[in-house]
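Note sheet for the following structure.
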Amino acid sequence: SSTSMACTWNPDLASEYGKMIGTMAHDMDVSGWYAPAFNIHRSAFAGRNFEYFSEDPQINAVLGSNEVAGAKSKGVYSFMKHFALNEQETNRLNMLATWINEQTIREIYLKPFQTAVVKGGAQAAMSSLNYIGTTYAGAYAPLMKDVLRGEWGFRGMVLTDYFGVYGYQNADQLIRNGNDAMLATTDVTNHVKDKSATSVKAMRQASHNILYTVVHGYKYANGDPKVQTPAWQIALYVALVVLALIFLALEYLAFRR
């Protein structure tokens, strides 16, 4: 729990935790980590407070950025999330509009993310499901382009939170405004259907951002990674060979008789 980590007030421990996550990622044969989460404990009743550090942006910033840096030292990129202003879970899929002034956004809600990029070297981000004013956060160019990439110098990829097409998620709108990939585990409508020149240009840039992030992971440290055959696939091949031999043996016996 990130809240438990925040209670330690220990940046060095956060760094070690990030390194442990990086080591675990090597064991699991993965390169990215959907964490840490940098949102604020704005209310004690928020449904995912356990996933966030504290109500204080400085504690979030210091501990979270150290976790990011620790994982990065192992060649693992962290998807800092949920970017941004995702401080409540109730109605988060129902076009939840967040109204706030810029000074408050910068001093409280963006401070941890900024530190994760500038000091922690964050290479990836997960955008949030809420709206900022009247615009879906993942497709809000002033946040995704102007602040994240322009002001903070972020170089990497931005992924949506779950892309379930909740009535407002539009892949073409997302890639045009700085969100590079749509998080979906099934074949939902996360495809870019617009094939115009401007859409293709946006897809090219999004692809570049994704590939840039991936090749800076540990798997590409020494060039192209060796493709490993998963254990289940090896077992399947062995089973198929055994079945084939059994059928051949039965066929031989049938002919003999």
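Here's how to read the names in the structure tokens: chain A, B, ... by the order shown, residue numbers from 1 in each chain, ligand numbers from 1 in the order shown.
Taking the backbone of this structure through DSSP, the residues of region 64-185 of chain A that come out as strand (DSSP E or B) are Tyr77, Ser78, Phe79, Met80, Lys81, His82, Phe83, Ala97, Thr98, Ala124, Ala125, Met126, Ser127, Tyr131, Ile132, Thr135, Tyr136, Met157, Val158, Leu159 and Ala181 of chain A.
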Taking a cut-off of 7 Å and counting only C-alpha atoms, can you build a table that, for each residue of region 68-131 of chain A near region 159-165 of chain A, reports the nearest atom pair and how far apart they are in Å (one decimal), sorted by chain then residue number, as CSV?
residue,atom,partner,partner_atom,distance
A:Ala125,CA,A:Leu159,CA,6.2
A:Met126,CA,A:Leu159,CA,4.7
A:Ser127,CA,A:Thr160,CA,4.9
A:Ser128,CA,A:Asp161,CA,5.7
A:Leu129,CA,A:Asp161,CA,6.3
Using only all heavy atoms, please write the residues we just selected to a file, as a PDB file, in the first residue's frame.
ATOM      1  N   ALA A 125       2.994   7.227 -18.564  1.00  0.00           N
ATOM      2  CA  ALA A 125       1.908   7.759 -17.740  1.00  0.00           C
ATOM      3  C   ALA A 125       0.605   7.091 -18.135  1.00  0.00           C
ATOM      4  O   ALA A 125       0.435   6.649 -19.279  1.00  0.00           O
ATOM      5  CB  ALA A 125       1.793   9.273 -17.909  1.00  0.00           C
ATOM      6  N   MET A 126      -0.295   7.003 -17.182  1.00  0.00           N
ATOM      7  CA  MET A 126      -1.655   6.531 -17.449  1.00  0.00           C
ATOM      8  C   MET A 126      -2.599   7.695 -17.199  1.00  0.00           C
ATOM      9  O   MET A 126      -2.633   8.256 -16.110  1.00  0.00           O
ATOM     10  CB  MET A 126      -2.036   5.356 -16.544  1.00  0.00           C
ATOM     11  CG  MET A 126      -3.442   4.834 -16.784  1.00  0.00           C
ATOM     12  SD  MET A 126      -3.955   3.543 -15.604  1.00  0.00           S
ATOM     13  CE  MET A 126      -2.898   2.186 -16.118  1.00  0.00           C
ATOM     14  N   SER A 127      -3.368   8.060 -18.224  1.00  0.00           N
ATOM     15  CA  SER A 127      -4.298   9.178 -18.077  1.00  0.00           C
ATOM     16  C   SER A 127      -5.531   8.741 -17.295  1.00  0.00           C
ATOM     17  O   SER A 127      -5.812   7.551 -17.165  1.00  0.00           O
ATOM     18  CB  SER A 127      -4.693   9.741 -19.444  1.00  0.00           C
ATOM     19  OG  SER A 127      -5.256   8.735 -20.266  1.00  0.00           O
ATOM     20  N   SER A 128      -6.257   9.716 -16.776  1.00  0.00           N
ATOM     21  CA  SER A 128      -7.401   9.412 -15.910  1.00  0.00           C
ATOM     22  C   SER A 128      -8.713   9.416 -16.689  1.00  0.00           C
ATOM     23  O   SER A 128      -8.781   9.871 -17.830  1.00  0.00           O
ATOM     24  CB  SER A 128      -7.464  10.422 -14.758  1.00  0.00           C
ATOM     25  OG  SER A 128      -7.505  11.749 -15.250  1.00  0.00           O
ATOM     26  N   LEU A 129      -9.762   8.911 -16.050  1.00  0.00           N
ATOM     27  CA  LEU A 129     -11.059   8.754 -16.715  1.00  0.00           C
ATOM     28  C   LEU A 129     -11.971   9.967 -16.569  1.00  0.00           C
ATOM     29  O   LEU A 129     -12.992  10.058 -17.236  1.00  0.00           O
ATOM     30  CB  LEU A 129     -11.775   7.512 -16.153  1.00  0.00           C
ATOM     31  CG  LEU A 129     -11.145   6.163 -16.523  1.00  0.00           C
ATOM     32  CD1 LEU A 129     -11.756   5.055 -15.683  1.00  0.00           C
ATOM     33  CD2 LEU A 129     -11.321   5.865 -17.993  1.00  0.00           C
TER      34      LEU A 129
END
Q.
Going by DSSP on the backbone, which residues of region 71-148 of chain A come out as helix (DSSP H, G or I)? List them as a VMD selection string.
A. chain A and resid 71 to 72 102 to 109 111 to 118 137 to 139 141 to 148
Q.
Just want the 12 Å neighbourhood of Asn49 (chain A), counted on only C-alpha atoms, with same-chain residues fewer than 4 positions away dropped. Output as a PyMOL selection string.
A. chain A and resi 1-4+6+37-45+53-55+86-89
Q | For Gly167 (chain A): contacts at 10 Å, only C-alpha atoms, fewer than 2 positions along chain excluded, given as a list in words | A | Leu93, Asn94, Met95, Gly164, Val165, Gln169 and Asn170 of chain A
